[in-house]
file my_file_39.pdb (PDB, C-alpha atoms)
MODEL        1
ATOM      1  CA  MET A  25      59.381  11.556 -18.677
ATOM      2  CA  LYS A  26      57.993  13.132 -15.511
ATOM      3  CA  ARG A  27      54.824  11.054 -15.866
ATOM      4  CA  LEU A  28      56.884   7.871 -15.999
ATOM      5  CA  TYR A  29      58.779   8.769 -12.799
ATOM      6  CA  PHE A  30      55.472   9.564 -11.085
ATOM      7  CA  PHE A  31      54.025   6.197 -12.099
ATOM      8  CA  ILE A  32      57.115   4.364 -10.805
ATOM      9  CA  VAL A  33      56.842   6.179  -7.452
ATOM     10  CA  LEU A  34      53.215   5.096  -7.133
ATOM     11  CA  LEU A  35      54.192   1.484  -7.722
ATOM     12  CA  LEU A  36      56.826   1.695  -4.993
ATOM     13  CA  ILE A  37      54.366   3.015  -2.380
ATOM     14  CA  PRO A  38      53.371  -0.004  -0.275
ATOM     15  CA  LEU A  39      49.667  -0.781  -0.002
ATOM     16  CA  THR A  40      48.101  -0.805   3.443
ATOM     17  CA  TYR A  41      46.727  -4.234   4.347
ATOM     18  CA  ALA A  42      44.337  -5.235   7.096
ATOM     19  CA  ASN A  43      43.313  -8.513   8.693
ATOM     20  CA  LEU A  44      39.579  -9.185   8.401
ATOM     21  CA  GLU A  45      37.958 -11.896  10.506
ATOM     22  CA  PHE A  46      34.451 -13.139   9.718
ATOM     23  CA  ASP A  47      32.229 -14.674  12.385
ATOM     24  CA  PHE A  48      29.536 -16.516  10.423
ATOM     25  CA  GLN A  49      26.243 -16.721  12.318
ATOM     26  CA  THR A  50      23.054 -18.602  11.427
ATOM     27  CA  PRO A  51      19.589 -17.919  12.918
ATOM     28  CA  MET A  52      19.776 -21.210  14.852
ATOM     29  CA  GLY A  53      23.441 -20.892  15.908
ATOM     30  CA  VAL A  54      24.668 -23.863  13.824
ATOM     31  CA  ASP A  55      28.273 -25.039  14.157
ATOM     32  CA  LEU A  56      29.748 -24.673  10.659
ATOM     33  CA  SER A  57      32.763 -26.925  11.200
ATOM     34  CA  ASN A  58      33.447 -29.170   8.170
ATOM     35  CA  HIS A  59      31.143 -27.071   5.980
ATOM     36  CA  ILE A  60      32.418 -25.914   2.577
ATOM     37  CA  MET A  61      32.629 -22.125   2.278
ATOM     38  CA  THR A  62      32.723 -20.264  -1.042
ATOM     39  CA  LEU A  63      33.507 -16.568  -0.511
ATOM     40  CA  LYS A  64      33.256 -14.161  -3.432
ATOM     41  CA  PHE A  65      34.430 -10.526  -3.445
ATOM     42  CA  GLY A  66      34.955  -8.544  -6.620
ATOM     43  CA  ASN A  67      36.456 -10.804  -9.246
ATOM     44  CA  GLU A  68      38.031 -13.092  -6.668
ATOM     45  CA  PHE A  69      36.698 -16.030  -4.678
ATOM     46  CA  GLN A  70      38.006 -18.446  -2.088
ATOM     47  CA  LYS A  71      36.756 -21.938  -1.359
ATOM     48  CA  ILE A  72      37.796 -23.839   1.753
ATOM     49  CA  SER A  73      36.531 -26.255   4.385
ATOM     50  CA  LEU A  74      35.761 -24.353   7.596
ATOM     51  CA  GLY A  75      37.204 -25.513  10.918
ATOM     52  CA  SER A  76      34.745 -23.321  12.848
ATOM     53  CA  ASN A  77      32.427 -20.371  12.316
ATOM     54  CA  LEU A  78      35.445 -18.051  12.048
ATOM     55  CA  TYR A  79      37.395 -17.266   8.908
ATOM     56  CA  GLU A  80      40.248 -14.785   8.493
ATOM     57  CA  LEU A  81      41.796 -13.188   5.418
ATOM     58  CA  THR A  82      44.134 -10.287   4.652
ATOM     59  CA  LEU A  83      43.137  -7.631   2.151
ATOM     60  CA  PRO A  84      44.223  -4.126   1.112
ATOM     61  CA  ASP A  85      42.185  -1.314   2.631
ATOM     62  CA  GLY A  86      39.130  -0.541   0.560
ATOM     63  CA  THR A  87      35.407  -1.127   0.085
ATOM     64  CA  TYR A  88      34.254  -4.695  -0.578
ATOM     65  CA  HIS A  89      31.047  -6.505  -1.384
ATOM     66  CA  PHE A  90      31.155 -10.044  -0.001
ATOM     67  CA  GLU A  91      28.883 -12.949  -0.915
ATOM     68  CA  VAL A  92      29.227 -16.281   0.837
ATOM     69  CA  ILE A  93      27.704 -19.703   0.221
ATOM     70  CA  ILE A  94      28.189 -22.398   2.849
ATOM     71  CA  ASP A  95      27.417 -26.015   2.058
ATOM     72  CA  ASN A  96      26.986 -29.042   4.265
ATOM     73  CA  PRO A  97      28.362 -31.913   2.145
ATOM     74  CA  SER A  98      25.662 -34.239   3.504
ATOM     75  CA  THR A  99      22.814 -32.237   1.868
ATOM     76  CA  PRO A 100      22.012 -32.195  -1.862
ATOM     77  CA  THR A 101      22.350 -28.411  -2.351
ATOM     78  CA  PRO A 102      24.055 -25.462  -0.546
ATOM     79  CA  ASP A 103      22.665 -24.672   2.915
ATOM     80  CA  TYR A 104      23.407 -21.014   3.731
ATOM     81  CA  PHE A 105      23.828 -17.752   1.883
ATOM     82  CA  GLY A 106      24.664 -14.190   2.884
ATOM     83  CA  LYS A 107      26.069 -10.930   1.563
ATOM     84  CA  LYS A 108      27.573  -7.866   3.177
ATOM     85  CA  ASP A 109      29.312  -4.590   2.257
ATOM     86  CA  ILE A 110      32.380  -3.705   4.322
ATOM     87  CA  ILE A 111      34.658  -0.657   4.337
ATOM     88  CA  LEU A 112      38.052  -2.006   5.392
ATOM     89  CA  LYS A 113      40.557   0.448   6.891
ATOM     90  CA  SER A 114      42.261  -1.536   9.625
ATOM     91  CA  MET A 115      42.017  -4.807  11.480
ATOM     92  CA  ALA A 116      38.351  -5.731  11.836
ATOM     93  CA  LYS A 117      36.068  -8.513  13.048
ATOM     94  CA  GLU A 118      32.711  -8.703  11.325
ATOM     95  CA  THR A 119      29.668 -10.716  12.314
ATOM     96  CA  PHE A 120      28.324 -12.161   9.065
ATOM     97  CA  LEU A 121      24.688 -13.308   9.170
ATOM     98  CA  ILE A 122      23.887 -16.138   6.763
ATOM     99  CA  LEU A 123      20.400 -17.495   6.111
ATOM    100  CA  PRO A 124      19.292 -21.050   5.341
ATOM    101  CA  ILE A 125      18.603 -21.570   1.656
ATOM    102  CA  GLY A 126      17.402 -24.161  -0.823
ATOM    103  CA  TYR A 127      17.480 -24.563  -4.579
ATOM    104  CA  VAL A 128      14.308 -23.981  -6.600
ATOM    105  CA  GLN A 129      13.684 -25.106 -10.156
ATOM    106  CA  GLY A 130      10.394 -25.233 -11.999
ATOM    107  CA  THR A 131       8.505 -25.594 -15.246
ATOM    108  CA  ILE A 132       5.375 -24.039 -16.720
ATOM    109  CA  GLN A 133       3.125 -26.369 -18.737
ATOM    110  CA  ASP A 134      -0.154 -26.128 -20.617
ATOM    111  CA  LEU A 135      -3.031 -28.611 -20.248
ATOM    112  CA  LYS A 136      -1.431 -30.901 -22.840
ATOM    113  CA  GLY A 137       1.828 -31.071 -20.905
ATOM    114  CA  ASN A 138       3.757 -28.843 -23.286
ATOM    115  CA  LEU A 139       6.380 -26.549 -21.786
ATOM    116  CA  VAL A 140       5.518 -22.836 -22.080
ATOM    117  CA  SER A 141       8.425 -20.546 -22.953
ATOM    118  CA  LYS A 142       8.485 -16.872 -21.977
ATOM    119  CA  ALA A 143       5.592 -17.342 -19.523
ATOM    120  CA  GLU A 144       5.241 -14.447 -17.065
ATOM    121  CA  LEU A 145       6.025 -15.270 -13.401
ATOM    122  CA  GLN A 146       4.972 -13.615 -10.142
ATOM    123  CA  PHE A 147       6.179 -14.784  -6.716
ATOM    124  CA  SER A 148       4.647 -14.089  -3.320
ATOM    125  CA  CYS A 149       6.660 -15.283  -0.327
ATOM    126  CA  TYR A 150       6.441 -14.857   3.435
ATOM    127  CA  MET A 151      10.123 -14.709   4.188
ATOM    128  CA  THR A 152      12.256 -13.631   1.241
ATOM    129  CA  LYS A 153      14.683 -10.755   1.557
ATOM    130  CA  ASP A 154      16.792  -9.296  -1.252
ATOM    131  CA  VAL A 155      15.823 -12.131  -3.598
ATOM    132  CA  ILE A 156      15.783 -11.439  -7.314
ATOM    133  CA  PHE A 157      12.977 -13.560  -8.744
ATOM    134  CA  PRO A 158      12.812 -14.539 -12.407
ATOM    135  CA  THR A 159      10.052 -12.721 -14.294
ATOM    136  CA  GLN A 160       9.817 -15.195 -17.183
ATOM    137  CA  THR A 161      10.567 -18.791 -18.041
ATOM    138  CA  ASP A 162      13.424 -19.375 -20.463
ATOM    139  CA  LYS A 163      13.061 -20.559 -24.057
ATOM    140  CA  THR A 164      12.468 -24.128 -22.887
ATOM    141  CA  GLY A 165       9.857 -23.262 -20.235
ATOM    142  CA  PHE A 166      12.166 -23.622 -17.183
ATOM    143  CA  PHE A 167      13.185 -21.252 -14.376
ATOM    144  CA  ILE A 168      15.577 -21.535 -11.422
ATOM    145  CA  ILE A 169      16.235 -19.659  -8.156
ATOM    146  CA  PRO A 170      19.601 -20.890  -6.813
ATOM    147  CA  ASN A 171      19.820 -19.209  -3.379
ATOM    148  CA  MET A 172      16.215 -19.161  -2.189
ATOM    149  CA  PRO A 173      15.675 -18.571   1.570
ATOM    150  CA  GLU A 174      13.634 -21.110   3.524
ATOM    151  CA  GLY A 175       9.891 -20.577   3.651
ATOM    152  CA  LYS A 176       6.558 -20.929   1.874
ATOM    153  CA  CYS A 177       5.761 -19.255  -1.434
ATOM    154  CA  ILE A 178       3.189 -19.014  -4.191
ATOM    155  CA  VAL A 179       4.064 -18.672  -7.854
ATOM    156  CA  ILE A 180       1.531 -17.466 -10.438
ATOM    157  CA  ALA A 181       2.245 -17.913 -14.142
ATOM    158  CA  ASN A 182       0.444 -16.915 -17.332
ATOM    159  CA  ASP A 183       1.020 -16.934 -21.075
ATOM    160  CA  GLY A 184      -1.217 -13.937 -21.737
ATOM    161  CA  LYS A 185      -4.355 -16.064 -22.112
ATOM    162  CA  ILE A 186      -4.221 -18.858 -19.515
ATOM    163  CA  VAL A 187      -3.090 -18.630 -15.882
ATOM    164  CA  GLY A 188      -2.035 -21.162 -13.231
ATOM    165  CA  ARG A 189      -0.576 -21.184  -9.739
ATOM    166  CA  SER A 190       1.313 -23.441  -7.352
ATOM    167  CA  GLU A 191       2.292 -23.326  -3.685
ATOM    168  CA  PHE A 192       5.673 -24.604  -2.593
ATOM    169  CA  GLU A 193       8.002 -24.688   0.410
ATOM    170  CA  VAL A 194      11.761 -24.217   0.358
ATOM    171  CA  LYS A 195      13.823 -26.281   2.813
ATOM    172  CA  ARG A 196      17.467 -25.813   3.729
ATOM    173  CA  GLY A 197      19.941 -27.755   1.659
ATOM    174  CA  ASN A 198      17.295 -29.364  -0.560
ATOM    175  CA  PRO A 199      16.081 -28.842  -4.113
ATOM    176  CA  THR A 200      12.422 -27.918  -4.639
ATOM    177  CA  GLU A 201      10.709 -28.982  -7.858
ATOM    178  CA  ILE A 202       7.758 -26.848  -9.021
ATOM    179  CA  LYS A 203       5.330 -27.556 -11.842
ATOM    180  CA  VAL A 204       2.686 -24.981 -12.719
ATOM    181  CA  ILE A 205      -0.190 -26.021 -14.992
ATOM    182  CA  LEU A 206      -1.903 -23.227 -16.903
ATOM    183  CA  ASN A 207      -5.557 -24.194 -16.527
ATOM    184  CA  GLU A 208      -7.708 -21.078 -16.066
ATOM    185  CA  PRO A 209      -8.553 -18.344 -18.566
ATOM    186  CA  LEU A 210      -6.916 -15.009 -17.842
ATOM    187  CA  GLU A 211      -9.666 -12.407 -17.828
ATOM    188  CA  LYS A 212      -8.566  -9.091 -19.236
ATOM    189  CA  LYS A 213     -11.218  -6.433 -19.484
ATOM    190  CA  PRO A 214     -10.343  -3.787 -22.079
ATOM    191  CA  LEU A 215      -9.363  -0.585 -20.329
ATOM    192  CA  ILE A 216     -11.197   1.462 -22.979
ATOM    193  CA  TRP A 217     -14.560   0.254 -21.642
ATOM    194  CA  LEU A 218     -13.500   1.166 -18.120
ATOM    195  CA  TYR A 219     -12.599   4.677 -19.257
ATOM    196  CA  ILE A 220     -15.916   5.048 -21.091
ATOM    197  CA  LEU A 221     -17.826   3.900 -18.008
ATOM    198  CA  VAL A 222     -16.015   6.432 -15.794
ATOM    199  CA  ILE A 223     -16.703   9.248 -18.265
ATOM    200  CA  VAL A 224     -20.419   8.356 -18.454
ATOM    201  CA  ILE A 225     -20.702   8.270 -14.642
ATOM    202  CA  ILE A 226     -18.989  11.677 -14.322
ATOM    203  CA  PHE A 227     -21.253  13.128 -17.021
ATOM    204  CA  LEU A 228     -24.397  11.852 -15.265
ATOM    205  CA  ILE A 229     -23.239  13.272 -11.933
ATOM    206  CA  LEU A 230     -22.502  16.694 -13.424
ATOM    207  CA  PHE A 231     -25.784  16.693 -15.355
ATOM    208  CA  ASN A 232     -27.711  15.795 -12.203
ATOM    209  CA  LEU A 233     -25.998  18.531 -10.190
ATOM    210  CA  LYS A 234     -26.723  21.118 -12.879
ATOM    211  CA  LYS A 235     -30.325  20.001 -13.034
ATOM    212  CA  ARG A 236     -30.685  20.335  -9.284
ATOM    213  CA  LYS A 237     -29.168  23.795  -9.256
ATOM    214  CA  GLY A 238     -31.470  24.974 -12.043
ATOM    215  CA  ALA A 239     -34.645  23.535 -10.541
ATOM    216  CA  SER A 240     -36.779  25.604  -8.198
ATOM    217  CA  PRO A 241     -37.048  23.873  -4.824
ATOM    218  CA  LYS A 242     -40.524  22.863  -3.812
ATOM    219  CA  LEU A 243     -41.185  24.123  -0.313
ATOM    220  CA  ARG A 244     -44.349  24.007   1.732
ATOM    221  CA  GLU A 245     -46.630  26.938   1.113
ATOM    222  CA  ILE A 246     -46.748  29.856   3.530
ATOM    223  CA  PRO A 247     -49.509  29.108   6.041
ATOM    224  CA  GLU A 248     -52.073  31.683   7.093
ATOM    225  CA  ASP A 249     -51.246  33.848  10.084
ATOM    226  CA  THR A 250     -54.000  32.836  12.480
ATOM    227  CA  ASN A 251     -52.722  35.317  15.058
ATOM    228  CA  ASN A 252     -52.827  38.323  12.752
ATOM    229  CA  ASN A 253     -56.183  38.189  10.905
ATOM    230  CA  GLY A 254     -54.880  35.686   8.383
ATOM    231  CA  ASN A 255     -52.099  37.843   6.858
ATOM    232  CA  TYR A 256     -48.428  38.568   7.506
ATOM    233  CA  ASN A 257     -46.979  42.030   7.361
ATOM    234  CA  ASN A 258     -44.751  43.072   4.474
ATOM    235  CA  ASN A 259     -41.566  42.704   6.570
ATOM    236  CA  THR A 260     -42.220  39.014   7.256
ATOM    237  CA  GLU A 261     -42.960  38.149   3.630
ATOM    238  CA  THR A 262     -39.919  40.082   2.410
ATOM    239  CA  ILE A 263     -37.614  38.221   4.825
ATOM    240  CA  LEU A 264     -38.997  34.846   3.687
ATOM    241  CA  LYS A 265     -37.996  35.621   0.099
ATOM    242  CA  THR A 266     -34.353  36.209   1.141
ATOM    243  CA  LEU A 267     -33.879  32.891   2.972
ATOM    244  CA  PHE A 268     -32.124  29.825   1.644
ATOM    245  CA  GLU A 269     -34.087  26.633   1.124
ATOM    246  CA  LYS A 270     -33.369  24.931   4.445
ATOM    247  CA  GLU A 271     -33.700  28.186   6.393
ATOM    248  CA  LYS A 272     -37.079  28.784   4.802
ATOM    249  CA  GLU A 273     -38.244  25.240   5.614
ATOM    250  CA  VAL A 274     -37.402  25.732   9.291
ATOM    251  CA  VAL A 275     -39.227  29.065   9.413
ATOM    252  CA  LEU A 276     -42.306  27.701   7.624
ATOM    253  CA  TYR A 277     -42.458  24.770  10.018
ATOM    254  CA  LEU A 278     -42.414  27.206  12.950
ATOM    255  CA  LEU A 279     -45.166  29.252  11.318
ATOM    256  CA  GLU A 280     -47.261  26.100  11.025
ATOM    257  CA  ASN A 281     -46.710  25.257  14.694
ATOM    258  CA  ASN A 282     -47.687  28.449  16.484
ATOM    259  CA  TYR A 283     -44.219  30.073  16.048
ATOM    260  CA  HIS A 284     -42.268  27.592  18.204
ATOM    261  CA  SER A 285     -41.144  23.971  18.332
ATOM    262  CA  SER A 286     -38.422  21.740  19.766
ATOM    263  CA  GLN A 287     -35.276  21.275  17.716
ATOM    264  CA  SER A 288     -35.787  17.496  17.547
ATOM    265  CA  LYS A 289     -39.317  17.871  16.124
ATOM    266  CA  ILE A 290     -38.032  20.249  13.463
ATOM    267  CA  ARG A 291     -35.292  17.807  12.479
ATOM    268  CA  HIS A 292     -37.716  14.888  12.079
ATOM    269  CA  ALA A 293     -40.350  16.986  10.305
ATOM    270  CA  ILE A 294     -38.168  18.407   7.572
ATOM    271  CA  LYS A 295     -35.756  15.421   7.516
ATOM    272  CA  ILE A 296     -32.476  17.247   7.899
ATOM    273  CA  PRO A 297     -29.309  15.862   9.582
ATOM    274  CA  ARG A 298     -28.578  17.049  13.117
ATOM    275  CA  THR A 299     -25.361  18.900  12.219
ATOM    276  CA  SER A 300     -26.943  20.575   9.180
ATOM    277  CA  LEU A 301     -29.913  21.719  11.248
ATOM    278  CA  SER A 302     -27.601  23.169  13.883
ATOM    279  CA  ARG A 303     -25.855  25.294  11.244
ATOM    280  CA  VAL A 304     -29.187  26.483   9.816
ATOM    281  CA  ILE A 305     -30.459  27.453  13.275
ATOM    282  CA  GLN A 306     -27.241  29.336  14.041
ATOM    283  CA  LYS A 307     -27.615  31.334  10.808
ATOM    284  CA  LEU A 308     -31.251  32.162  11.579
ATOM    285  CA  GLU A 309     -30.291  33.244  15.088
ATOM    286  CA  ARG A 310     -27.574  35.552  13.742
ATOM    287  CA  LYS A 311     -30.179  37.090  11.445
ATOM    288  CA  ASN A 312     -32.393  37.719  14.523
ATOM    289  CA  LEU A 313     -35.188  35.611  13.035
ATOM    290  CA  ILE A 314     -35.350  32.982  15.803
ATOM    291  CA  SER A 315     -34.447  32.664  19.452
ATOM    292  CA  ILE A 316     -33.121  29.546  21.164
ATOM    293  CA  GLU A 317     -34.177  28.479  24.646
ATOM    294  CA  LYS A 318     -32.568  25.567  26.464
ATOM    295  CA  HIS A 319     -34.260  23.698  29.327
ATOM    296  CA  GLY A 320     -31.932  20.852  30.242
ATOM    297  CA  LYS A 321     -31.708  18.644  27.165
ATOM    298  CA  LEU A 322     -34.770  20.235  25.566
ATOM    299  CA  VAL A 323     -33.969  22.930  22.985
ATOM    300  CA  THR A 324     -36.902  25.137  21.919
ATOM    301  CA  ILE A 325     -36.786  27.294  18.796
ATOM    302  CA  LYS A 326     -39.054  30.377  18.573
ATOM    303  CA  LEU A 327     -39.667  32.980  15.900
ATOM    304  CA  THR A 328     -38.686  36.467  17.048
ATOM    305  CA  ASP A 329     -40.978  39.490  17.212
ATOM    306  CA  PHE A 330     -38.682  41.115  14.657
ATOM    307  CA  PHE A 331     -39.499  38.451  12.122
ATOM    308  CA  LEU A 332     -43.216  38.510  12.912
ATOM    309  CA  GLY A 333     -43.254  42.306  12.677
ATOM    310  CA  LYS A 334     -44.559  42.855  16.180
TER     311      LYS A 334
ENDMDL
END

call {"tool": "encode", "arguments": {"input": "my_file_39.pdb", "output": "structure tokens"}}
result
Amino acid sequence: MKRLYFFIVLLLIPLTYANLEFDFQTPMGVDLSNHIMTLKFGNEFQKISLGSNLYELTLPDGTYHFEVIIDNPSTPTPDYFGKKDIILKSMAKETFLILPIGYVQGTIQDLKGNLVSKAELQFSCYMTKDVIFPTQTDKTGFFIIPNMPEGKCIVIANDGKIVGRSEFEVKRGNPTEIKVILNEPLEKKPLIWLYILVIVIIFLILFNLKKRKGASPKLREIPEDTNNNGNYNNNTETILKTLFEKEKEVVLYLLENNYHSSQSKIRHAIKIPRTSLSRVIQKLERKNLISIEKHGKLVTIKLTDFFLGK
């Protein structure tokens, strides 16, 4: 019994209503007088002839999703479309932007002129916003887009084997007829072959890297020490055995060139990038095996007495 009383009390509580005024605006500022407006919100809709760009209605407070279609009776199809979400709590005036639209209908046909049902569709347009495009033709090979914004588009269709395309332009208040002819084979390369190719490439790269790591680098032979009766001391030969490949190449080049050379000549002789050579030289300098002398832009690299055992 208490529940019944509570329900009756709720029914007696008056709803709060608010006046909502729409100001319909088009991109070109068109006067919408004598245009037919169809306004839909929830399960309700209103259809009237506008006297201006303004329209007023009274609704209970709440949240609404409005969709409006405005039609100029002199054009074959509706001219403007817009939608907007509004939270209504009190008297409000809302600017409602509506965009020019046309009506699109099309067919997909094969080379014999037969309609293709369930053909896949893809649209690419320069102007569309919040448009839900059909992804397939219907059972008869047709498709429609009722509220299509103005602009140029491309549609691509295929039946899984043959593909076709068509360009079209949508104009306000007019129907656009599209016919796509499937006339080119749809190339589909099996993904399994792509996967196999990737695996083979990765295997070859790893095999090549392993082979390089396992191979002994071929460096130039140690030249004779012309300044020390043809032989190096034990310290020099021991240090050479501890150097990395590029470090050893730099040192051997200096040994071949009377213990000194410019950095640019070293780079060209052993064919090593500038940044890589700089790192190698810095490591050799930290090991006290070379010294660096700068004369303007000229950089001279010399073997140290420590390395030569002097």

call {"tool": "resolve_selection", "arguments": {"input": "my_file_39.pdb", "expression": "the PyMOL selection byres ((chain A and resi 264-280) around 7)", "output": "PyMOL selection string"}}
result
chain A and resi 243+246-247+260-263+281-285+290+304+308

call {"tool": "residues_around", "arguments": {"input": "my_file_39.pdb", "residues": "stretch 138-152 of chain A", "least_positions_apart": "6", "cutoff": "12 Å", "atoms": "all atoms listed in the file", "output": "short mmCIF file (atom, residue, chain, number, x, y, z; two decimals) with C-alpha atoms, in the frame of the given file"}}
result
data_model
loop_
_atom_site.label_atom_id
_atom_site.label_comp_id
_atom_site.auth_asym_id
_atom_site.auth_seq_id
_atom_site.Cartn_x
_atom_site.Cartn_y
_atom_site.Cartn_z
CA LEU A 123 20.40 -17.50 6.11
CA PRO A 124 19.29 -21.05 5.34
CA ILE A 125 18.60 -21.57 1.66
CA GLY A 126 17.40 -24.16 -0.82
CA GLY A 130 10.39 -25.23 -12.00
CA THR A 131 8.51 -25.59 -15.25
CA ILE A 132 5.38 -24.04 -16.72
CA PRO A 158 12.81 -14.54 -12.41
CA THR A 159 10.05 -12.72 -14.29
CA GLN A 160 9.82 -15.20 -17.18
CA THR A 161 10.57 -18.79 -18.04
CA ASP A 162 13.42 -19.38 -20.46
CA LYS A 163 13.06 -20.56 -24.06
CA THR A 164 12.47 -24.13 -22.89
CA GLY A 165 9.86 -23.26 -20.24
CA PHE A 166 12.17 -23.62 -17.18
CA PHE A 167 13.18 -21.25 -14.38
CA ILE A 168 15.58 -21.54 -11.42
CA ILE A 169 16.24 -19.66 -8.16
CA ASN A 171 19.82 -19.21 -3.38
CA MET A 172 16.22 -19.16 -2.19
CA PRO A 173 15.68 -18.57 1.57
CA GLU A 174 13.63 -21.11 3.52
CA GLY A 175 9.89 -20.58 3.65
CA LYS A 176 6.56 -20.93 1.87
CA CYS A 177 5.76 -19.26 -1.43
CA ILE A 178 3.19 -19.01 -4.19
CA VAL A 179 4.06 -18.67 -7.85
CA ILE A 180 1.53 -17.47 -10.44
CA ALA A 181 2.24 -17.91 -14.14
CA ASN A 182 0.44 -16.92 -17.33
CA ASP A 183 1.02 -16.93 -21.08
CA GLY A 184 -1.22 -13.94 -21.74
CA LYS A 185 -4.36 -16.06 -22.11
CA ILE A 186 -4.22 -18.86 -19.52
CA VAL A 187 -3.09 -18.63 -15.88
CA GLY A 188 -2.04 -21.16 -13.23
CA ARG A 189 -0.58 -21.18 -9.74
CA SER A 190 1.31 -23.44 -7.35
CA GLU A 191 2.29 -23.33 -3.68
CA PHE A 192 5.67 -24.60 -2.59
CA GLU A 193 8.00 -24.69 0.41
CA VAL A 194 11.76 -24.22 0.36
CA LYS A 203 5.33 -27.56 -11.84
CA VAL A 204 2.69 -24.98 -12.72
CA ILE A 205 -0.19 -26.02 -14.99
CA LEU A 206 -1.90 -23.23 -16.90
#

call {"tool": "atom_distance", "arguments": {"input": "my_file_39.pdb", "atom1": "atom CA of A:Asn312", "atom2": "atom CA of A:Ile294"}}
result
21.3 Å

call {"tool": "residues_around", "arguments": {"input": "my_file_39.pdb", "residues": "stretch 77-91 of chain A", "least_positions_apart": "6", "cutoff": "10 Å", "atoms": "all atoms listed in the file", "output": "PDB file with C-alpha atoms, in the coordinates of the input"}}
result
ATOM      1  CA  LEU A  39      49.667  -0.781  -0.002  1.00  0.00           C
ATOM      2  CA  THR A  40      48.101  -0.805   3.443  1.00  0.00           C
ATOM      3  CA  TYR A  41      46.727  -4.234   4.347  1.00  0.00           C
ATOM      4  CA  ALA A  42      44.337  -5.235   7.096  1.00  0.00           C
ATOM      5  CA  ASN A  43      43.313  -8.513   8.693  1.00  0.00           C
ATOM      6  CA  LEU A  44      39.579  -9.185   8.401  1.00  0.00           C
ATOM      7  CA  GLU A  45      37.958 -11.896  10.506  1.00  0.00           C
ATOM      8  CA  PHE A  46      34.451 -13.139   9.718  1.00  0.00           C
ATOM      9  CA  ASP A  47      32.229 -14.674  12.385  1.00  0.00           C
ATOM     10  CA  PHE A  48      29.536 -16.516  10.423  1.00  0.00           C
ATOM     11  CA  GLN A  49      26.243 -16.721  12.318  1.00  0.00           C
ATOM     12  CA  THR A  50      23.054 -18.602  11.427  1.00  0.00           C
ATOM     13  CA  GLY A  53      23.441 -20.892  15.908  1.00  0.00           C
ATOM     14  CA  VAL A  54      24.668 -23.863  13.824  1.00  0.00           C
ATOM     15  CA  ASP A  55      28.273 -25.039  14.157  1.00  0.00           C
ATOM     16  CA  LEU A  56      29.748 -24.673  10.659  1.00  0.00           C
ATOM     17  CA  SER A  57      32.763 -26.925  11.200  1.00  0.00           C
ATOM     18  CA  ASN A  58      33.447 -29.170   8.170  1.00  0.00           C
ATOM     19  CA  HIS A  59      31.143 -27.071   5.980  1.00  0.00           C
ATOM     20  CA  MET A  61      32.629 -22.125   2.278  1.00  0.00           C
ATOM     21  CA  THR A  62      32.723 -20.264  -1.042  1.00  0.00           C
ATOM     22  CA  LEU A  63      33.507 -16.568  -0.511  1.00  0.00           C
ATOM     23  CA  LYS A  64      33.256 -14.161  -3.432  1.00  0.00           C
ATOM     24  CA  PHE A  65      34.430 -10.526  -3.445  1.00  0.00           C
ATOM     25  CA  GLY A  66      34.955  -8.544  -6.620  1.00  0.00           C
ATOM     26  CA  PHE A  69      36.698 -16.030  -4.678  1.00  0.00           C
ATOM     27  CA  GLN A  70      38.006 -18.446  -2.088  1.00  0.00           C
ATOM     28  CA  PHE A 105      23.828 -17.752   1.883  1.00  0.00           C
ATOM     29  CA  GLY A 106      24.664 -14.190   2.884  1.00  0.00           C
ATOM     30  CA  LYS A 107      26.069 -10.930   1.563  1.00  0.00           C
ATOM     31  CA  LYS A 108      27.573  -7.866   3.177  1.00  0.00           C
ATOM     32  CA  ASP A 109      29.312  -4.590   2.257  1.00  0.00           C
ATOM     33  CA  ILE A 110      32.380  -3.705   4.322  1.00  0.00           C
ATOM     34  CA  ILE A 111      34.658  -0.657   4.337  1.00  0.00           C
ATOM     35  CA  LEU A 112      38.052  -2.006   5.392  1.00  0.00           C
ATOM     36  CA  LYS A 113      40.557   0.448   6.891  1.00  0.00           C
ATOM     37  CA  SER A 114      42.261  -1.536   9.625  1.00  0.00           C
ATOM     38  CA  MET A 115      42.017  -4.807  11.480  1.00  0.00           C
ATOM     39  CA  ALA A 116      38.351  -5.731  11.836  1.00  0.00           C
ATOM     40  CA  LYS A 117      36.068  -8.513  13.048  1.00  0.00           C
ATOM     41  CA  GLU A 118      32.711  -8.703  11.325  1.00  0.00           C
ATOM     42  CA  THR A 119      29.668 -10.716  12.314  1.00  0.00           C
ATOM     43  CA  PHE A 120      28.324 -12.161   9.065  1.00  0.00           C
ATOM     44  CA  ILE A 122      23.887 -16.138   6.763  1.00  0.00           C
TER      45      ILE A 122
END

call {"tool": "atom_distance", "arguments": {"input": "my_file_39.pdb", "atom1": "atom CA of A:Thr101", "atom2": "atom CA of A:Gly75"}}
result
20.1 Å

call {"tool": "atom_distance", "arguments": {"input": "my_file_39.pdb", "atom1": "atom CA of A:Ile72", "atom2": "atom CA of A:Val128"}}
result
24.9 Å

call {"tool": "closest_residue", "arguments": {"input": "my_file_39.pdb", "among": "A:Glu201, A:Ile296, A:Leu313, A:Leu135", "to": "A:Gly333", "atoms": "all atoms listed in the file"}}
result
A:Leu313

call {"tool": "closest_residue", "arguments": {"input": "my_file_39.pdb", "among": "A:Ile93, A:Lys289, A:Tyr127, A:Phe227", "to": "A:Leu322", "atoms": "all atoms listed in the file"}}
result
A:Lys289

call {"tool": "resolve_selection", "arguments": {"input": "my_file_39.pdb", "expression": "the PyMOL selection byres ((chain A and resi 286) around 6)", "output": "compact mmCIF listing (two decimals) with C-alpha atoms, in the frame of the given file"}}
result
# COMPACT_ATOMS: atom_id res chain seq x y z
CA SER A 285 -41.14 23.97 18.33
CA GLN A 287 -35.28 21.28 17.72
CA SER A 288 -35.79 17.50 17.55
CA LYS A 289 -39.32 17.87 16.12
CA VAL A 323 -33.97 22.93 22.98
CA THR A 324 -36.90 25.14 21.92
CA ILE A 325 -36.79 27.29 18.80
